[in-house]
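Undergrad: Input file: start16.cif. Contents: mmCIF, C-alpha atoms and all ligand atoms.
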data_upload
#
loop_
_atom_site.label_atom_id
_atom_site.label_comp_id
_atom_site.auth_asym_id
_atom_site.auth_seq_id
_atom_site.Cartn_x
_atom_site.Cartn_y
_atom_site.Cartn_z
CA VAL A 1 0.00 0.00 0.00
CA ALA A 2 2.86 2.35 0.91
CA MET A 3 4.51 1.67 -2.43
CA LEU A 4 1.27 2.31 -4.29
CA GLY A 5 0.75 5.53 -2.34
CA ALA A 6 4.28 6.75 -2.96
CA SER A 7 3.96 6.05 -6.65
CA GLY A 8 0.53 7.65 -6.88
CA CYS A 9 1.91 10.65 -8.73
CA SER A 10 3.14 8.70 -11.72
CA VAL A 11 0.49 7.37 -14.10
CA ALA A 12 3.00 5.03 -15.74
CA VAL A 13 3.92 3.43 -12.42
CA ARG A 14 0.28 3.13 -11.43
CA GLU A 15 -0.53 1.43 -14.72
CA HIS A 16 2.41 -0.89 -14.19
CA TRP A 17 1.01 -1.93 -10.81
CA LYS A 18 -2.48 -2.29 -12.24
CA ARG A 19 -1.06 -4.77 -14.76
CA GLY A 20 0.41 -6.75 -11.85
CA GLY A 21 3.97 -5.78 -12.76
CA LEU A 22 3.71 -6.87 -16.39
CA PRO A 23 5.28 -4.65 -19.04
CA GLU A 24 2.89 -2.98 -21.44
CA GLY A 25 2.02 -5.51 -24.15
CA VAL A 26 2.27 -4.57 -27.82
CA THR A 27 0.41 -7.41 -29.56
CA ASN A 28 -3.16 -8.51 -30.21
CA GLN A 29 -2.76 -11.03 -27.37
CA SER A 30 -1.70 -8.52 -24.73
CA ASP A 31 -5.17 -7.92 -23.26
CA ARG A 32 -5.91 -11.61 -22.89
CA ILE A 33 -2.56 -12.34 -21.22
CA THR A 34 -2.74 -9.29 -18.95
CA THR A 35 -6.27 -10.17 -17.84
CA LEU A 36 -5.26 -13.74 -17.01
CA TRP A 37 -2.30 -12.42 -15.03
CA GLN A 38 -4.41 -9.88 -13.13
CA GLY A 39 -7.10 -12.49 -12.40
CA SER A 40 -4.48 -14.86 -11.03
CA TRP A 41 -3.16 -12.13 -8.74
CA ILE A 42 -6.63 -11.26 -7.49
CA ALA A 43 -7.42 -14.91 -6.77
CA ALA A 44 -4.07 -15.41 -5.04
CA LEU A 45 -4.54 -12.27 -2.93
CA LEU A 46 -8.06 -13.33 -1.89
CA VAL A 47 -6.73 -16.71 -0.80
CA GLY A 48 -3.87 -14.91 0.96
CA ILE A 49 -6.25 -12.65 2.86
CA VAL A 50 -8.26 -15.65 4.09
CA VAL A 51 -5.11 -17.55 5.12
CA TRP A 52 -3.45 -14.56 6.80
CA GLY A 53 -6.75 -13.77 8.53
CA LEU A 54 -7.04 -17.29 9.91
CA ILE A 55 -3.43 -17.23 11.11
CA LEU A 56 -3.94 -13.90 12.88
CA TRP A 57 -7.24 -15.06 14.35
CA ALA A 58 -5.61 -18.22 15.73
CA CYS A 59 -2.69 -16.21 17.12
CA VAL A 60 -4.92 -13.69 18.87
CA PHE A 61 -7.82 -15.78 20.18
CA PHE A 62 -5.91 -18.92 21.08
CA ARG A 63 -2.83 -17.22 22.55
CA ARG A 64 -1.49 -18.34 25.89
CA ARG A 65 -3.11 -16.27 28.60
CA ARG A 66 -1.77 -15.38 32.05
CA GLY A 67 -2.55 -18.18 34.46
CA ASP A 68 -2.65 -20.86 31.74
CA THR A 69 -0.75 -23.76 33.19
CA SER A 70 -1.94 -26.79 31.29
CA MET A 71 -1.86 -27.66 27.60
CA PRO A 72 -5.14 -26.89 25.77
CA ARG A 73 -7.29 -29.77 24.67
CA GLN A 74 -5.55 -31.61 21.81
CA VAL A 75 -7.72 -32.61 18.86
CA ARG A 76 -7.09 -34.56 15.68
CA TYR A 77 -8.91 -36.43 12.91
CA ASN A 78 -11.46 -33.78 12.15
CA VAL A 79 -12.91 -35.29 9.01
CA PRO A 80 -15.08 -32.33 7.87
CA ILE A 81 -12.12 -29.92 8.09
CA GLU A 82 -9.81 -32.34 6.32
CA VAL A 83 -12.32 -32.80 3.50
CA LEU A 84 -12.68 -29.02 3.29
CA TYR A 85 -8.97 -28.32 2.94
CA THR A 86 -8.59 -31.08 0.38
CA VAL A 87 -11.53 -30.01 -1.74
CA VAL A 88 -11.02 -26.23 -1.64
CA PRO A 89 -7.45 -26.30 -3.08
CA LEU A 90 -8.58 -28.77 -5.73
CA VAL A 91 -11.33 -26.38 -6.78
CA MET A 92 -8.84 -23.47 -6.85
CA VAL A 93 -6.37 -25.41 -9.01
CA ALA A 94 -9.19 -26.46 -11.34
CA VAL A 95 -10.28 -22.83 -11.78
CA PHE A 96 -6.72 -21.65 -12.48
CA PHE A 97 -6.27 -24.53 -14.90
CA ALA A 98 -9.52 -23.86 -16.75
CA PHE A 99 -8.76 -20.17 -17.35
CA THR A 100 -5.16 -20.95 -18.33
CA ALA A 101 -6.19 -23.71 -20.74
CA ARG A 102 -8.86 -21.46 -22.28
CA ASP A 103 -6.38 -18.63 -22.92
CA GLU A 104 -3.50 -20.87 -23.95
CA THR A 105 -5.69 -22.49 -26.61
CA LYS A 106 -6.43 -19.04 -28.05
CA ILE A 107 -2.84 -17.78 -27.78
CA MET A 108 -1.32 -20.88 -29.36
CA ALA A 109 -3.90 -21.20 -32.15
CA LEU A 110 -2.39 -21.44 -35.65
CA ASP A 111 -4.73 -20.11 -38.30
CA GLY A 112 -2.19 -20.46 -41.09
CA ASP A 113 -3.29 -17.21 -42.74
CA ALA A 114 -0.34 -15.01 -41.75
CA LYS A 115 1.14 -12.88 -44.55
CA VAL A 116 4.52 -12.49 -42.85
CA HIS A 117 6.69 -15.52 -42.07
CA ILE A 118 9.80 -15.36 -39.92
CA ASN A 119 12.15 -18.22 -39.17
CA VAL A 120 14.03 -17.53 -35.93
CA VAL A 121 17.18 -19.61 -35.58
CA GLY A 122 18.71 -19.86 -32.10
CA LYS A 123 22.41 -20.53 -31.90
CA ARG A 124 25.12 -20.27 -29.26
CA TRP A 125 25.04 -17.29 -28.63
CA SER A 126 22.91 -15.16 -30.83
CA TRP A 127 20.04 -15.29 -33.30
CA ASP A 128 19.55 -15.47 -37.06
CA PHE A 129 16.33 -14.18 -38.61
CA ASN A 130 15.19 -15.57 -41.96
CA TYR A 131 12.58 -13.40 -43.67
CA THR A 132 11.02 -16.33 -45.48
CA ASP A 133 8.70 -14.41 -47.81
CA ALA A 134 11.35 -12.04 -49.18
CA SER A 135 14.20 -14.58 -48.94
CA VAL A 136 16.56 -12.27 -47.06
CA TYR A 137 18.16 -12.76 -43.68
CA GLU A 138 19.77 -11.07 -40.69
CA SER A 139 22.54 -12.74 -38.71
CA GLY A 140 23.59 -11.74 -35.21
CA THR A 141 26.56 -12.25 -32.93
CA PRO A 142 26.86 -11.58 -29.18
CA ALA A 143 28.86 -8.44 -29.99
CA GLN A 144 26.35 -7.29 -32.62
CA PRO A 145 22.85 -8.21 -31.51
CA PRO A 146 20.53 -8.51 -34.52
CA THR A 147 17.33 -6.52 -35.02
CA LEU A 148 14.16 -8.17 -36.23
CA TYR A 149 11.86 -5.89 -38.22
CA LEU A 150 8.12 -6.54 -38.22
CA PRO A 151 5.34 -4.62 -39.98
CA VAL A 152 2.70 -3.25 -37.61
CA ASP A 153 -0.84 -4.69 -37.69
CA GLN A 154 0.22 -7.69 -39.80
CA LYS A 155 -0.14 -11.21 -38.52
CA VAL A 156 3.26 -12.88 -38.30
CA GLU A 157 3.93 -16.59 -38.20
CA PHE A 158 7.09 -17.41 -36.28
CA THR A 159 8.93 -20.66 -36.90
CA LEU A 160 11.51 -21.35 -34.19
CA THR A 161 14.44 -23.69 -34.81
CA SER A 162 17.74 -24.24 -33.04
CA ARG A 163 21.15 -24.98 -34.41
CA ASP A 164 22.59 -26.51 -31.27
CA VAL A 165 21.02 -26.49 -27.81
CA ILE A 166 17.71 -25.39 -26.31
CA HIS A 167 17.13 -21.63 -26.33
CA SER A 168 14.01 -19.62 -25.67
CA PHE A 169 12.75 -16.77 -27.84
CA TRP A 170 11.50 -14.05 -25.52
CA VAL A 171 10.24 -10.57 -26.28
CA PRO A 172 9.02 -9.24 -22.92
CA ALA A 173 6.77 -6.69 -24.66
CA PHE A 174 4.97 -9.61 -26.35
CA LEU A 175 4.25 -11.02 -22.85
CA PHE A 176 5.23 -14.31 -24.42
CA LYS A 177 8.14 -16.65 -24.88
CA MET A 178 8.61 -20.00 -26.54
CA ASP A 179 11.36 -22.61 -26.39
CA VAL A 180 13.65 -23.10 -29.38
CA ILE A 181 14.53 -26.78 -29.47
CA PRO A 182 17.04 -28.58 -31.74
CA GLY A 183 15.41 -31.14 -34.03
CA ARG A 184 11.98 -29.63 -33.49
CA VAL A 185 9.92 -26.86 -35.06
CA ASN A 186 7.91 -24.60 -32.75
CA ARG A 187 5.42 -22.15 -34.19
CA PHE A 188 3.25 -19.30 -33.05
CA GLU A 189 1.28 -16.48 -34.63
CA VAL A 190 0.98 -12.96 -33.33
CA THR A 191 -0.01 -9.52 -34.61
CA PRO A 192 2.15 -6.63 -33.35
CA GLU A 193 -0.08 -3.59 -32.81
CA LYS A 194 2.25 -0.85 -31.59
CA THR A 195 5.27 0.59 -33.32
CA GLY A 196 8.56 0.98 -31.49
CA THR A 197 11.76 -0.83 -30.59
CA PHE A 198 11.54 -3.61 -28.02
CA ALA A 199 14.20 -5.68 -26.32
CA GLY A 200 14.42 -9.44 -26.76
CA ARG A 201 16.55 -12.06 -25.10
CA CYS A 202 17.15 -15.77 -24.66
CA ALA A 203 15.18 -17.14 -21.71
CA GLU A 204 16.76 -20.58 -21.47
CA LEU A 205 20.17 -20.91 -19.84
CA CYS A 206 22.12 -22.23 -22.81
CA GLY A 207 25.79 -21.77 -22.03
CA VAL A 208 28.53 -19.36 -21.14
CA ASP A 209 27.30 -16.42 -23.24
CA HIS A 210 23.58 -16.97 -22.64
CA SER A 211 23.24 -13.50 -21.13
CA ARG A 212 24.61 -11.96 -24.33
CA MET A 213 21.93 -13.54 -26.52
CA LEU A 214 20.18 -10.22 -26.98
CA PHE A 215 18.23 -8.88 -29.92
CA ASN A 216 15.81 -6.10 -30.75
CA VAL A 217 12.40 -6.17 -32.34
CA LYS A 218 11.50 -3.12 -34.37
CA ILE A 219 7.81 -2.79 -35.18
CA VAL A 220 7.49 -0.37 -38.09
CA SER A 221 5.13 0.74 -40.83
CA GLN A 222 4.76 -1.44 -43.91
CA GLU A 223 6.85 1.05 -45.97
CA GLU A 224 9.70 1.00 -43.46
CA TYR A 225 9.50 -2.78 -43.37
CA ASP A 226 9.72 -3.07 -47.13
CA ALA A 227 12.60 -0.57 -47.18
CA HIS A 228 14.48 -2.62 -44.60
CA LEU A 229 14.06 -5.83 -46.60
CA ALA A 230 15.34 -4.00 -49.69
CA GLN A 231 18.31 -2.84 -47.64
CA LEU A 232 19.13 -6.41 -46.62
CA ARG A 233 18.95 -7.44 -50.27
CA LEU A 234 21.29 -4.60 -51.23
CA ALA A 235 23.70 -5.73 -48.53
CA GLY A 236 23.78 -9.15 -50.15
CA GLN A 237 21.99 -10.89 -47.31
CA THR A 238 19.82 -12.85 -49.71
CA GLY A 239 18.69 -16.45 -49.45
CA GLN A 240 18.04 -18.23 -46.20
CA LEU A 241 20.43 -19.33 -43.51
CA PRO A 242 19.80 -23.02 -42.92
CA ALA A 243 17.62 -23.59 -39.89
CA GLU A 244 20.07 -26.15 -38.59
CA LEU A 245 23.80 -26.01 -39.30
CA GLY A 246 26.70 -28.18 -38.34
CA PRO A 247 28.94 -27.20 -35.41
CA SER A 248 31.47 -25.64 -37.80
CA ARG A 249 29.07 -22.79 -38.57
CA GLN A 250 28.29 -21.98 -34.95
CA VAL A 251 29.27 -18.67 -33.45
CA THR A 252 32.61 -19.43 -31.87
CA GLU A 253 33.65 -16.08 -30.41
CA SER A 254 34.20 -17.61 -27.01
CA THR A 255 33.46 -21.29 -27.28
CA PRO A 256 34.85 -23.18 -24.30
CA GLU A 257 34.39 -26.49 -26.14
CA ALA A 258 36.55 -25.34 -29.07
CA GLY A 259 39.41 -27.57 -27.89
CA SER A 260 37.29 -30.64 -27.55
CA GLU A 261 35.68 -29.99 -30.93
CA ALA A 262 39.10 -29.77 -32.56
CA GLY A 263 40.06 -32.99 -30.78
CA ALA A 264 36.97 -34.71 -32.10
CU CU A 301 20.15 -19.23 -25.63
#
Please re-express this file's structure in structure tokens.

TA:
Amino acid sequence: VAMLGASGCSVAVREHWKRGGLPEGVTNQSDRITTLWQGSWIAALLVGIVVWGLILWACVFFRRRRGDTSMPRQVRYNVPIEVLYTVVPLVMVAVFFAFTARDETKIMALDGDAKVHINVVGKRWSWDFNYTDASVYESGTPAQPPTLYLPVDQKVEFTLTSRDVIHSFWVPAFLFKMDVIPGRVNRFEVTPEKTGTFAGRCAELCGVDHSRMLFNVKIVSQEEYDAHLAQLRLAGQTGQLPAELGPSRQVTESTPEAGSEAGA
């Protein structure tokens, strides 16, 4: 309460708290995810208030009073209470599960009608972005984090593949992340709805330079998007980087296994 009061002057901070600490979402799924998050917080706080209330009540009304010399009456095997505290948590978990399953089904739905297709390739320790439709690509290194351009208000289908180990493609402003797993193709669709530059990172501890697996997402107008793709073509970044490469093509700026690879 004190924190909320102290931050009362700043609308941005108040909005941040209202969202339950989530960043402001920039996609068509943001409202759904934010509402689920807020609902979970409200449910958890209600349960917390009941539990804290019961603890306080027990502490105050059943405290040891002056003159108490003997132990209070000891009771056990209260079947109604035991049934109650088995059933109530089960109901709570079922409710959380139902809302989560409902929203996850919507968020993960693949309609297959996206106009923009992006293949994200995770690699130790950066990202490659294949713009499948235009057949151009962007390749990143830890020292030069890549930027992924997306046109605003266009549905994008992401195809996530890994070249080596498990990574996780995370754009906090999307309120969403998905694992990038070698030998497996993960997909999701999303429509970015706000322009701007947003930070992205790897969310799966994948090795020594995991924390340097940064990238940016730039949501721009269709004209800027087209201009950027033309720029990539001019720079000779045409074709597609294979979704899965051999170890020889990995980023090896600071590969601790370099010795063992050479030995093999
Ligand atoms: Cu990673």

Undergrad: With distances taken over all atoms listed in the file, which residue among A:Thr238, A:Val95, A:Val190, A:Ile42 lies nearest A:Lys115?

TA: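 Using all atoms listed in the file, the shortest distance to A:Lys115 belongs to A:Val190.
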
Undergrad: Between A:Ala58, A:Val156, A:Val185, A:Leu148, which one has atoms that come closest to A:Leu232, using only C-alpha atoms?

TA: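 Among the listed residues, A:Leu148 lies closest to A:Leu232.
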
Undergrad: Grab me every residue within 7 Å of ligand CU 301 (chain A), counting only C-alpha atoms and all ligand atoms, and send it over as a list in words.

TA: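 Protein and nucleic-acid residues within 7 Å of ligand CU 301 (chain A): Gly122, Lys123, Arg124, Trp125, Ile166, His167, Ser168, Cys202, Ala203, Glu204, Leu205, Cys206, His210 and Met213 of chain A.
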
Undergrad: Do you have the atom CA of A:Gly67-atom CA of A:Leu54 distance handy?

TA: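 Interatomic distance here is 25.0 Å.
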
Undergrad: Please determine, counting only C-alpha atoms, which residue among A:Ala12, A:Leu229, A:Val26, A:Leu36 has the shortest atom-to-atom distance to A:Val152.

TA: A:Val26

Undergrad: I want to know what sits within 8 Å of A:Tyr149, based on all atoms listed in the file, with residues of the same chain fewer than 2 positions away left out; could you give that as a list in words?

TA: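 My list of contacting residues is Thr147, Pro151, Val217, Lys218, Ile219, Val220, Tyr225 and His228 of chain A.
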
Undergrad: So how many Å separate atom CA of A:Gly112 and atom CA of A:Lys155, to one decimal?

TA: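 It comes out at 9.8 Å.
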
Undergrad: Using all atoms listed in the file for the distances, tell me which of A:Leu56, A:Leu150, A:Val208, A:Val120 is nearest to A:Ala243.

TA: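 For A:Ala243, the nearest of the candidates is A:Val120.
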
Undergrad: May I ask for the distance between atom CA of A:Thr141 and atom CA of A:Glu189, given in Å to one decimal place?

TA: 25.7 Å

Undergrad: Out of A:Gly53, A:Pro89, A:Pro23, A:Gly48, which residue has the shortest atom-to-atom distance to A:Leu175 when counting only C-alpha atoms?

TA: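 Among the listed residues, the smallest separation from A:Leu175 belongs to A:Pro23.
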
Undergrad: Pick from A:Thr195, A:Val75, A:Asp164, A:Trp41: nearest to A:Glu224, with all atoms listed in the file counted?

TA: A:Thr195
